[in-house]
Structure formats: structure tokens, C-alpha cells
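See below for my_file10.csv, which holds CSV, C-alpha atoms and all ligand atoms.
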```csv
chain,number,residue,atom,x,y,z
A,1,MET,CA,19.9,4.9,-12.9
A,2,THR,CA,18.1,1.9,-14.3
A,3,ARG,CA,17.8,-1.1,-12.0
A,4,PRO,CA,16.3,-4.5,-12.9
A,5,ALA,CA,12.8,-4.9,-11.4
A,6,VAL,CA,11.4,-8.0,-9.6
A,7,PHE,CA,7.8,-8.9,-8.9
A,8,ILE,CA,7.4,-10.9,-5.7
A,9,ALA,CA,4.2,-12.9,-5.1
A,10,SER,CA,2.9,-16.4,-4.6
A,11,GLU,CA,0.4,-18.7,-6.2
A,12,LYS,CA,-1.0,-19.1,-2.7
A,13,TYR,CA,-2.9,-15.9,-3.2
A,14,ARG,CA,-5.2,-17.5,-5.7
A,15,VAL,CA,-7.1,-18.9,-2.7
A,16,HIS,CA,-9.0,-15.9,-1.5
A,17,SER,CA,-8.6,-15.0,2.1
A,18,TYR,CA,-10.8,-13.1,4.6
A,19,GLY,CA,-14.1,-15.0,3.9
A,20,GLU,CA,-17.0,-14.2,1.7
A,21,MET,CA,-18.3,-11.0,3.1
A,22,HIS,CA,-15.0,-9.1,3.7
A,23,PRO,CA,-13.9,-6.2,1.5
A,24,LEU,CA,-10.6,-8.1,0.9
A,25,SER,CA,-12.3,-11.3,-0.3
A,26,ILE,CA,-11.5,-10.2,-3.9
A,27,PRO,CA,-8.8,-11.2,-6.4
A,28,ARG,CA,-5.9,-8.7,-6.1
A,29,VAL,CA,-2.4,-10.0,-6.5
A,30,SER,CA,-3.4,-12.9,-8.7
A,31,LEU,CA,-5.5,-10.7,-10.9
A,32,THR,CA,-2.7,-8.2,-11.2
A,33,PHE,CA,-0.3,-10.9,-12.2
A,34,ASP,CA,-2.7,-12.4,-14.8
A,35,LEU,CA,-3.1,-8.9,-16.4
A,36,ILE,CA,0.7,-8.5,-16.4
A,37,GLN,CA,1.0,-11.8,-18.2
A,38,ALA,CA,-1.8,-10.9,-20.6
A,39,PHE,CA,0.3,-7.9,-21.6
A,40,ASN,CA,3.4,-10.1,-21.9
A,41,ALA,CA,5.0,-7.8,-19.5
A,42,ILE,CA,7.0,-10.1,-17.3
A,43,GLU,CA,9.9,-12.5,-17.9
A,44,GLU,CA,10.6,-15.5,-15.8
A,45,LYS,CA,13.7,-14.0,-14.2
A,46,GLU,CA,11.6,-11.0,-13.0
A,47,PHE,CA,9.3,-13.1,-10.9
A,48,LEU,CA,10.3,-14.3,-7.4
A,49,GLU,CA,8.2,-16.6,-5.3
A,50,SER,CA,7.5,-15.0,-1.9
A,51,PRO,CA,9.1,-16.9,1.0
A,52,GLN,CA,7.1,-17.1,4.3
A,53,ALA,CA,8.6,-14.8,6.9
A,54,SER,CA,10.4,-16.5,9.8
A,55,ASP,CA,9.2,-16.2,13.4
A,56,GLU,CA,12.4,-14.3,14.0
A,57,GLN,CA,11.6,-11.8,11.3
A,58,LEU,CA,8.0,-11.3,12.5
A,59,SER,CA,9.4,-10.7,16.0
A,60,TRP,CA,11.3,-7.6,14.8
A,61,PHE,CA,8.0,-5.8,15.3
A,62,HIS,CA,5.5,-8.3,16.7
A,63,THR,CA,5.2,-9.8,20.2
A,64,GLN,CA,5.9,-13.6,20.6
A,65,GLU,CA,2.4,-13.8,22.2
A,66,TYR,CA,0.8,-12.4,19.1
A,67,ILE,CA,2.8,-14.6,16.7
A,68,GLN,CA,1.8,-17.6,18.7
A,69,ALA,CA,-1.9,-16.6,18.8
A,70,MET,CA,-1.9,-16.4,14.9
A,71,LYS,CA,-0.2,-19.8,14.7
A,72,VAL,CA,-2.5,-21.5,17.2
A,73,SER,CA,-5.6,-20.1,15.4
A,74,GLU,CA,-4.4,-21.6,12.1
A,75,ALA,CA,-3.8,-25.0,13.8
A,76,GLU,CA,-7.2,-24.9,15.6
A,77,GLY,CA,-9.1,-23.8,12.5
A,78,LYS,CA,-10.6,-20.8,14.5
A,79,VAL,CA,-9.7,-18.0,16.8
A,80,LEU,CA,-9.9,-19.0,20.5
A,81,GLY,CA,-12.0,-16.8,22.7
A,82,GLU,CA,-9.1,-15.5,24.7
A,83,TYR,CA,-7.4,-14.1,21.6
A,84,ARG,CA,-10.3,-12.2,20.2
A,85,LYS,CA,-10.1,-9.3,22.5
A,86,ARG,CA,-6.5,-9.4,23.4
A,87,HIS,CA,-5.3,-9.5,19.7
A,88,ASN,CA,-8.4,-8.1,17.9
A,89,LEU,CA,-8.7,-11.3,15.9
A,90,GLY,CA,-11.7,-13.3,14.7
A,91,ASN,CA,-14.1,-10.4,14.3
A,92,PHE,CA,-15.5,-8.8,11.1
A,93,GLU,CA,-12.6,-6.5,10.8
A,94,ASN,CA,-9.9,-9.2,11.1
A,95,PRO,CA,-11.8,-12.5,10.5
A,96,TYR,CA,-10.5,-16.0,10.6
A,97,PHE,CA,-9.8,-17.8,7.3
A,98,PRO,CA,-7.9,-20.9,6.2
A,99,ASN,CA,-4.1,-20.4,6.2
A,100,PHE,CA,-4.7,-17.7,8.7
A,101,PHE,CA,-1.0,-17.5,9.7
A,102,GLN,CA,0.6,-18.7,6.5
A,103,THR,CA,-1.0,-16.2,4.1
A,104,PRO,CA,-0.1,-12.9,6.0
A,105,ALA,CA,3.3,-14.4,6.9
A,106,THR,CA,4.0,-15.1,3.2
A,107,ALA,CA,3.0,-11.5,2.2
A,108,THR,CA,5.4,-10.3,4.9
A,109,GLY,CA,8.2,-12.6,3.8
A,110,GLY,CA,7.7,-11.1,0.3
A,111,SER,CA,8.1,-7.5,1.5
A,112,VAL,CA,11.3,-8.4,3.5
A,113,GLN,CA,12.6,-10.1,0.4
A,114,ALA,CA,11.7,-6.9,-1.6
A,115,ALA,CA,13.9,-4.9,0.8
A,116,GLU,CA,16.7,-7.4,0.3
A,117,GLN,CA,16.4,-7.2,-3.5
A,118,VAL,CA,16.6,-3.5,-3.3
A,119,LEU,CA,19.8,-3.8,-1.2
A,120,ASP,CA,21.0,-6.0,-3.9
A,121,GLY,CA,20.6,-3.3,-6.6
A,122,LYS,CA,17.1,-4.0,-7.9
A,123,VAL,CA,13.7,-2.3,-7.7
A,124,ALA,CA,11.1,-4.6,-6.1
A,125,PHE,CA,7.3,-4.8,-6.1
A,126,SER,CA,5.6,-6.9,-3.4
A,127,PRO,CA,1.9,-6.3,-4.1
A,128,ALA,CA,0.6,-8.6,-1.3
A,129,GLY,CA,2.3,-6.3,1.2
A,130,GLY,CA,1.5,-2.9,2.5
A,131,MET,CA,-0.4,-3.9,5.6
A,132,HIS,CA,0.3,-0.7,7.3
A,133,HIS,CA,-2.2,-0.7,10.2
A,134,ALA,CA,-1.0,-3.9,12.1
A,135,MET,CA,0.3,-3.2,15.6
A,136,PRO,CA,2.9,-5.2,17.6
A,137,ASN,CA,0.4,-7.2,19.7
A,138,LYS,CA,-2.8,-7.0,17.6
A,139,ALA,CA,-4.4,-7.0,14.2
A,140,HIS,CA,-5.8,-3.7,13.0
A,141,GLY,CA,-7.7,-2.5,10.0
A,142,PHE,CA,-7.6,-5.8,8.0
A,143,CYS,CA,-3.8,-6.0,8.7
A,144,PHE,CA,-2.2,-9.0,10.6
A,145,PHE,CA,1.5,-8.4,10.2
A,146,ASN,CA,3.0,-5.1,9.5
A,147,ASP,CA,5.2,-6.0,6.5
A,148,PRO,CA,6.1,-2.4,5.6
A,149,ALA,CA,7.6,-2.0,9.1
A,150,LEU,CA,9.5,-5.2,8.8
A,151,ALA,CA,10.8,-4.4,5.3
A,152,ILE,CA,12.1,-1.0,6.6
A,153,MET,CA,13.7,-2.8,9.6
A,154,ARG,CA,15.5,-5.0,7.1
A,155,LEU,CA,16.9,-1.9,5.4
A,156,ARG,CA,17.8,-0.5,8.8
A,157,GLN,CA,19.9,-3.6,9.5
A,158,ALA,CA,22.0,-2.5,6.4
A,159,ASP,CA,22.1,0.9,8.0
A,160,LYS,CA,20.0,2.7,5.4
A,161,LYS,CA,18.2,5.9,6.0
A,162,VAL,CA,14.6,5.3,4.9
A,163,LEU,CA,11.7,7.4,3.7
A,164,TYR,CA,8.4,5.6,3.9
A,165,VAL,CA,5.8,7.1,1.6
A,166,ASP,CA,2.2,6.0,2.1
A,167,ILE,CA,-0.4,6.9,-0.6
A,168,ASP,CA,-3.1,4.5,0.6
A,169,ALA,CA,-6.3,6.4,1.3
A,170,HIS,CA,-5.9,5.6,5.0
A,171,HIS,CA,-3.3,7.0,7.4
A,172,GLY,CA,-0.3,4.7,7.8
A,173,ASP,CA,-0.6,4.6,11.6
A,174,GLY,CA,1.2,1.3,12.3
A,175,VAL,CA,4.3,2.2,10.4
A,176,GLU,CA,4.5,5.7,11.9
A,177,TYR,CA,4.2,4.0,15.3
A,178,ALA,CA,6.9,1.5,14.5
A,179,PHE,CA,9.5,4.2,13.8
A,180,ARG,CA,8.6,6.8,16.4
A,181,HIS,CA,11.9,6.4,18.1
A,182,ASP,CA,14.1,5.9,15.0
A,183,ASP,CA,15.7,9.1,13.8
A,184,LYS,CA,16.9,7.4,10.6
A,185,VAL,CA,13.4,6.6,9.3
A,186,ALA,CA,10.8,9.2,8.3
A,187,THR,CA,7.2,8.4,7.4
A,188,PHE,CA,5.1,10.5,5.0
A,189,SER,CA,1.4,9.6,4.7
A,190,ILE,CA,-1.1,11.4,2.5
A,191,HIS,CA,-4.6,10.3,3.3
A,192,MET,CA,-8.3,10.9,4.0
A,193,ASP,CA,-8.5,13.0,7.1
A,194,THR,CA,-9.2,10.8,10.2
A,195,SER,CA,-12.0,13.1,11.2
A,196,TYR,CA,-14.1,11.2,8.7
A,197,ALA,CA,-12.1,8.1,7.9
A,198,TYR,CA,-10.4,5.1,9.4
A,199,PRO,CA,-8.5,4.8,11.8
A,200,PHE,CA,-10.4,7.8,13.2
A,201,LYS,CA,-7.5,9.3,15.1
A,202,GLY,CA,-4.0,10.5,14.4
A,203,GLY,CA,-2.6,11.5,11.0
A,204,GLU,CA,-3.1,15.2,11.6
A,205,ILE,CA,-0.5,17.7,10.3
A,206,SER,CA,0.4,18.4,13.9
A,207,ASP,CA,1.1,14.7,14.6
A,208,THR,CA,4.8,15.0,13.8
A,209,GLY,CA,6.0,12.5,16.5
A,210,GLU,CA,8.5,13.1,19.2
A,211,LEU,CA,11.3,13.2,16.7
A,212,ASN,CA,9.3,15.2,14.1
A,213,ASN,CA,10.0,12.3,11.7
A,214,ALA,CA,6.3,11.8,10.9
A,215,TYR,CA,4.9,13.8,8.0
A,216,ASN,CA,1.1,13.7,7.6
A,217,LEU,CA,-1.0,15.3,4.9
A,218,PRO,CA,-4.7,14.7,5.6
A,219,LEU,CA,-7.1,15.7,2.8
A,220,PRO,CA,-10.8,16.4,2.7
A,221,LYS,CA,-13.4,14.1,1.0
A,222,ALA,CA,-13.8,13.9,-2.8
A,223,CYS,CA,-10.3,15.1,-3.8
A,224,ASN,CA,-10.0,15.2,-7.5
A,225,ASP,CA,-6.8,14.7,-9.7
A,226,THR,CA,-6.0,18.4,-9.8
A,227,GLU,CA,-6.3,18.8,-6.0
A,228,TYR,CA,-4.2,15.6,-5.3
A,229,ALA,CA,-1.5,16.7,-7.8
A,230,PHE,CA,-1.4,20.2,-6.2
A,231,ALA,CA,-1.2,18.7,-2.7
A,232,PHE,CA,1.4,16.1,-3.5
A,233,ASP,CA,3.6,18.3,-5.7
A,234,SER,CA,3.5,21.2,-3.2
A,235,VAL,CA,5.0,19.1,-0.3
A,236,TRP,CA,7.0,16.4,-2.0
A,237,ALA,CA,10.2,18.3,-2.7
A,238,GLU,CA,10.2,19.7,0.8
A,239,VAL,CA,9.8,16.2,2.4
A,240,LEU,CA,12.7,14.9,0.2
A,241,ARG,CA,14.9,17.9,1.0
A,242,GLN,CA,14.4,17.4,4.7
A,243,THR,CA,14.8,13.7,4.9
A,244,CYS,CA,17.5,12.9,2.3
A,245,PRO,CA,16.8,9.2,2.3
A,246,GLU,CA,19.0,6.4,0.9
A,247,VAL,CA,16.0,4.2,0.2
A,248,ILE,CA,12.3,4.9,-0.4
A,249,VAL,CA,9.6,2.4,0.6
A,250,LEU,CA,6.3,3.2,-1.1
A,251,GLN,CA,3.0,1.8,0.1
A,252,ALA,CA,0.8,1.9,-3.0
A,253,GLY,CA,-2.7,1.1,-1.8
A,254,THR,CA,-5.2,1.9,-4.5
A,255,ASP,CA,-8.2,2.9,-2.4
A,256,ILE,CA,-7.7,6.5,-3.4
A,257,LEU,CA,-9.0,5.6,-6.9
A,258,MET,CA,-12.4,6.9,-7.8
A,259,PRO,CA,-14.4,3.6,-8.0
A,260,ASP,CA,-13.1,2.3,-4.7
A,261,PRO,CA,-16.0,1.3,-2.4
A,262,LEU,CA,-14.2,2.2,0.8
A,263,GLY,CA,-12.2,5.3,-0.3
A,264,LYS,CA,-13.7,8.7,-0.6
A,265,PHE,CA,-11.2,10.3,-3.0
A,266,LYS,CA,-11.8,10.6,-6.8
A,267,ILE,CA,-8.3,9.9,-8.1
A,268,SER,CA,-7.8,8.4,-11.6
A,269,THR,CA,-5.3,5.7,-12.5
A,270,GLN,CA,-3.2,8.2,-14.5
A,271,GLU,CA,-2.8,10.6,-11.5
A,272,PHE,CA,-1.9,7.6,-9.3
A,273,LEU,CA,0.7,6.4,-11.8
A,274,ARG,CA,2.1,9.9,-12.2
A,275,VAL,CA,2.8,10.1,-8.5
A,276,VAL,CA,4.4,6.6,-8.5
A,277,SER,CA,6.5,7.7,-11.5
A,278,GLU,CA,7.6,10.8,-9.7
A,279,ILE,CA,8.6,8.8,-6.6
A,280,LYS,CA,10.6,6.4,-8.7
A,281,LYS,CA,12.4,9.3,-10.4
A,282,LYS,CA,13.4,10.7,-7.1
A,283,SER,CA,14.4,7.4,-5.5
A,284,PRO,CA,18.1,7.8,-4.6
A,285,GLU,CA,20.1,5.7,-7.2
A,286,GLY,CA,16.8,4.0,-8.0
A,287,ALA,CA,16.5,2.4,-4.5
A,288,LEU,CA,12.8,1.8,-4.3
A,289,VAL,CA,10.7,-0.8,-2.6
A,290,VAL,CA,7.0,-0.8,-3.6
A,291,LEU,CA,4.4,-2.6,-1.5
A,292,GLY,CA,0.7,-3.1,-2.1
A,293,GLY,CA,-1.9,-1.9,0.4
A,294,GLY,CA,-5.6,-1.2,0.4
A,295,GLY,CA,-7.8,-1.3,-2.7
A,296,TYR,CA,-11.2,-2.8,-2.7
A,297,HIS,CA,-12.3,-2.6,-6.3
A,298,PRO,CA,-10.6,-5.5,-8.1
A,299,LEU,CA,-10.7,-4.2,-11.6
A,300,SER,CA,-9.6,-0.7,-10.6
A,301,LEU,CA,-6.8,-2.1,-8.5
A,302,ALA,CA,-5.4,-4.7,-11.0
A,303,ARG,CA,-5.3,-2.2,-13.9
A,304,CYS,CA,-3.5,0.3,-11.6
A,305,TRP,CA,-0.9,-2.2,-10.3
A,306,LEU,CA,-0.3,-3.3,-13.9
A,307,GLY,CA,0.7,0.3,-14.5
A,308,VAL,CA,2.9,0.3,-11.4
A,309,TRP,CA,4.7,-2.7,-12.6
A,310,ALA,CA,5.2,-1.1,-16.1
A,311,ILE,CA,6.8,1.9,-14.4
A,312,LEU,CA,9.1,-0.1,-12.2
A,313,SER,CA,10.2,-2.4,-15.0
A,314,ASP,CA,10.5,0.4,-17.6
A,315,ARG,CA,7.9,-0.9,-20.0
A,316,GLU,CA,5.7,1.1,-22.3
A,317,LEU,CA,2.3,-0.6,-22.4
A,318,SER,CA,-0.6,0.4,-24.6
A,319,ALA,CA,-3.4,2.1,-22.8
A,320,GLU,CA,-5.9,-0.1,-24.6
A,321,LEU,CA,-6.6,-3.6,-23.1
A,322,ASN,CA,-6.0,-6.5,-25.4
A,323,ASP,CA,-8.5,-9.3,-25.8
A,324,LYS,CA,-6.8,-11.5,-23.2
A,325,ALA,CA,-6.8,-8.8,-20.6
A,326,ARG,CA,-10.5,-8.0,-21.3
A,327,GLU,CA,-11.4,-11.6,-20.9
A,328,ILE,CA,-9.6,-11.9,-17.5
A,329,LEU,CA,-11.3,-8.8,-16.2
A,330,ARG,CA,-14.8,-9.9,-17.5
A,331,LYS,CA,-14.4,-13.1,-15.5
A,332,VAL,CA,-14.1,-11.3,-12.2
A,333,ASP,CA,-17.1,-11.8,-10.1
A,334,TRP,CA,-18.0,-8.2,-9.3
A,335,ASP,CA,-21.3,-6.4,-9.4
A,336,MET,CA,-21.0,-3.6,-12.0
A,337,ASP,CA,-24.6,-2.4,-12.0
A,338,GLU,CA,-23.8,1.0,-10.5
A,339,ASP,CA,-22.5,3.7,-12.7
A,340,GLU,CA,-22.6,1.5,-15.8
A,341,ASP,CA,-21.1,4.1,-18.2
A,342,TYR,CA,-18.1,4.8,-16.1
A,343,PHE,CA,-17.3,1.2,-15.5
A,344,GLN,CA,-17.4,0.3,-19.2
A,345,GLN,CA,-14.0,1.8,-19.6
A,346,PHE,CA,-12.6,-0.8,-17.3
A,347,PHE,CA,-12.9,-3.3,-20.1
A,348,LYS,CA,-11.4,-1.0,-22.8
A,349,THR,CA,-8.4,0.7,-21.3
A,350,ARG,CA,-6.1,0.5,-18.3
A,351,ILE,CA,-6.4,4.3,-17.9
A,352,ASP,CA,-9.4,6.2,-16.5
A,353,SER,CA,-11.0,9.4,-17.5
A,354,PRO,CA,-9.2,12.2,-15.6
A,355,THR,CA,-11.0,13.8,-12.6
A,356,ASP,CA,-9.8,17.3,-13.1
A,357,GLY,CA,-11.5,20.1,-11.3
A,358,PRO,CA,-11.0,23.3,-9.2
A,359,ILE,CA,-8.8,23.3,-6.2
A,360,ARG,CA,-10.9,23.9,-3.1
A,361,ASP,CA,-9.8,26.4,-0.5
A,362,GLU,CA,-9.7,23.7,2.2
A,363,VAL,CA,-7.1,21.8,0.1
A,364,LYS,CA,-5.0,25.0,-0.3
A,365,GLN,CA,-5.3,25.6,3.4
A,366,VAL,CA,-4.1,22.1,4.4
A,367,VAL,CA,-1.0,22.5,2.1
A,368,ASP,CA,-0.2,25.9,3.5
A,369,THR,CA,-0.5,24.7,7.1
A,370,PHE,CA,1.7,21.6,6.3
A,371,LEU,CA,4.4,23.7,4.7
A,372,SER,CA,4.5,26.4,7.4
A,373,LYS,CA,4.6,23.8,10.1
A,374,ARG,CA,7.3,21.7,8.5
A,375,MET,CA,9.5,24.6,7.4
A,376,ASN,CA,9.7,25.7,11.0
A,377,LEU,CA,10.6,22.2,12.2
A,378,ASN,CA,12.9,21.4,9.4
A,379,VAL,CA,14.7,18.6,11.3
A,380,GLY,CA,15.1,15.8,8.8
A,381,LEU,CA,16.9,12.5,9.4
A,382,SER,CA,20.1,12.7,11.3
B,1,ZN,ZN,-6.5,2.0,2.9
```
This entry written out as C-alpha cells:
Amino acid sequence: MTRPAVFIASEKYRVHSYGEMHPLSIPRVSLTFDLIQAFNAIEEKEFLESPQASDEQLSWFHTQEYIQAMKVSEAEGKVLGEYRKRHNLGNFENPYFPNFFQTPATATGGSVQAAEQVLDGKVAFSPAGGMHHAMPNKAHGFCFFNDPALAIMRLRQADKKVLYVDIDAHHGDGVEYAFRHDDKVATFSIHMDTSYAYPFKGGEISDTGELNNAYNLPLPKACNDTEYAFAFDSVWAEVLRQTCPEVIVLQAGTDILMPDPLGKFKISTQEFLRVVSEIKKKSPEGALVVLGGGGYHPLSLARCWLGVWAILSDRELSAELNDKAREILRKVDWDMDEDEDYFQQFFKTRIDSPTDGPIRDEVKQVVDTFLSKRMNLNVGLS
């Protein structure tokens, strides 16, 4: 079934957040939008301005105390000492920046709106969302408000059974935590094993949750396209069969891509987009919410999310970048000294060279363990 697609964002994101030194102080949503426009790949009716989430919406998951701490920090122009420890704010991980409350609350409003659009028969992309680590009373892993959890809660208000799929390089711990007591939501996270990657705990295959509604597939460092395809394709059908969702919410963080400075996988854009395509194909009656997420290489991220938008809005785009797109990417302030040859393709095409290779035994083993564990549990959503 073909649904109309909407892209939800805000001009507010042109002002970069997080301060100079932070991995997120790069253009992401605005750059993606500029590339989409350079490809002439969006019509006015497909763009929705993201509203700011209301306090009431934020309180579906977050404590009043924490929401207030975020607001007071914005008003004071800094994080007060008492909030630093209590809410994990104002440090390197979750630094203060202007519009400290407004910016994440707007990203969150966009994701809730994305859920509403999908309830209304559309497919929606909220690239500023996907802040999957935030916890009820504290910021965590660059994430202030857990918009994926709130988008899912909006779908739950309409009594939908939801499968959350998280392909960000990091374990979707905050979302898993949010639905640990909800047997109508399942979370499926495929990520860098927490033995070597953030958040450094949880996300193991055996972490299935009290209700067995958490599916976790941790993978070793340096996964290539062949390994990722093998791992995803081997478990995906089983996860779908067990959960039978009515809506899928996809967190599409791009830090699994090869050039990402924080990720340790070696996935190409086309493998990423193949997975997104597959998830779209299997979304029940096309009911799919796509959120952003991690991704710390601006050029890699924007080329990839352009492709995500093309898939969602059923557009065929040329692989080659046009002059306008090249110019936009060339203007990004990003140090390209390393790996010069590889990076040159960023200005020619929106597709990377594939990273095919052998499938290591450790990857096969993870998949086997996952399948045998989950086949035995086989509970699904009630
Ligand atoms: Zn991540």
C-alpha cells in the first residue's frame, strides 16, 4: 500500500546545538533537507513544521522535576549545580547550549507528530528525533528527551501494537526501558556489543526483559555489509512473525556507516538503505514512523537520510550528485584529510562503495544464539 510521506523538521535546527566541541555540533537535519531540495525531491505539502512538545506530552515518560530542570536551565542560560549530578546535565556528554529546552522539545514534538501522521494514513520521517538513550529523570548519551518512547506512547493511546526497530550503532536502552512493562510494544535493537561500546551494559541477547519483549542483536566490531545483511536477514522474519505489529517505529541512526567517527561498523549507504527498504516493505499496511538518531559524520549522514526520504516518498533518485548537491556538501566545515580517496566519493555520488567480505564465525554464532534463544521463548505481543 502506498501512503503519502511527510518530512517533519524545523528551521530552528540551522542553529547548531551542543557547542563547538561536541560530536553533535554538526549540520544534520538542515543539511539533509538542503540535499533533498537540491534533488528537487520534496513538495511543499510534504513538509511539516515540527511543533514543540507540550509539557504534558513530555510527562508521558519524563518526570516533572526533570522537565523543570531543563526549562530552568534554558531560562538561566546555564545548568545549575544541583541539576548536574541529579539529571546528568551540563557536562561534556550532555552540555548546555542556547535553546537548551526548546530544541530537544521541538525534536520530540516532531516525533509525536510523526506518530499522529502515521495514524492518519501517512508515512512520516522525523530526522531530528531518535534520541533513544534519554531516561525519565536524566539525560543520557547526548539525549535529553526520549522522543521514540513518546512517539510510541502516542501510538499506544490509539491502541496500536508497536514494533520498535533500532538500527543505530548503539543499543536502544532508553526505549527498551520505557516499554519493559508493556506487552503491546516490542523493541528490536541491532547494535555494537556493549562489551566494547556505549552504553557499556545491557543489550545482550539474553537481555529479553521480564516480558521477553526486548530483542537484542549485539554484533562484533568492524561488521561489513555482508555480515550485517546476513545478521539482519536471518532474524528479521522471526522478529516480525513473533511480534505481529500494527505499526513499526524505526530509529535510523547512521552511526553504523563506515566513515562515522564514533561507530565501529563498516556499513555502506546502500546496505543501510536496503534494510530501510525492507522494513518499509514489511510495515503493516505501510504504517511506518522513521526517526533520526546517531550519526556523527555530516556528509555520510545527509547522503544517507536523503536516500531514506527517497524510499519513504517513493522517489527514484540518481546515484550521482548534481552540482547543487555537491556545492552544499563542499560547504560543510568538516576535516577530510584522512582517507582522502574514500572521501572523494562523497562529492560524486550518494552511494558508497560496498563493504562486502567474509562472514566471521563470531557473527554466525551471535545469529545462532539469538535464534535458538528466541525460538524457545516465542512469546510475541499479546
Ligand atoms: Zn548511536
Name the residues, by chain letter and number, that sit within 9 Å of ligand ZN 1 (chain B) using all atoms listed in the file, and give them as a ChimeraX atom specification. /A:131-133,141,167-172,191,198,253-256,262-263,293-296
Could you give me, as an NGL selection string, the residues that have an atom at most 9 Å away from the point (-14.3, 19.8, -3.6) in the coordinates of the file, using all atoms listed in the file? :A and (220-224 or 227 or 357-363)
Correct to one decimal, the distance CA of Met192 (chain A)-CA of Ala231 (chain A) is 12.5 Å
Skip Phe7 (chain A) itself and residues of its chain fewer than 3 positions away, then list as a ChimeraX atom specification all residues within 12 Å of it, counting all atoms listed in the file. /A:4,10,29-30,32-33,36-37,41-50,110-111,113-114,117-118,122-129,289-292,305-306,308-310,312-313
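With all atoms listed in the file taken into account, every residue lying no more than 8 Å from the file point (8.9, 18.3, 7.2) is included here: Asn212, Asn213, Ala214, Tyr215, Glu238, Val239, Gln242, Thr243, Phe370, Leu371, Lys373, Arg374, Met375, Leu377, Asn378, Val379 and Gly380 of chain A.
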Pick the closest to Phe179 (chain A) from A:Phe142, A:Trp60, A:Phe101, A:Tyr18: which is it, counting all atoms listed in the file? A:Trp60
Expressed in Å, the length from CA of Cys304 (chain A) to CA of Gly174 (chain A) is 24.4 Å
Which neighbours of Ile67 (chain A) fall inside 9 Å, counting all atoms listed in the file, when residues of the same chain fewer than 4 positions from it are skipped, and could you give them as number ranges by chain? A: 55, 58-59, 62-63, 71-72, 101, 137
Could you list, as a list in words, every residue within 8 Å of Asp225 (chain A), counting all atoms listed in the file and ignoring same-chain residues fewer than 6 positions away? Lys266, Ile267, Ser268, Glu271, Pro354, Thr355, Asp356 and Gly357 of chain A
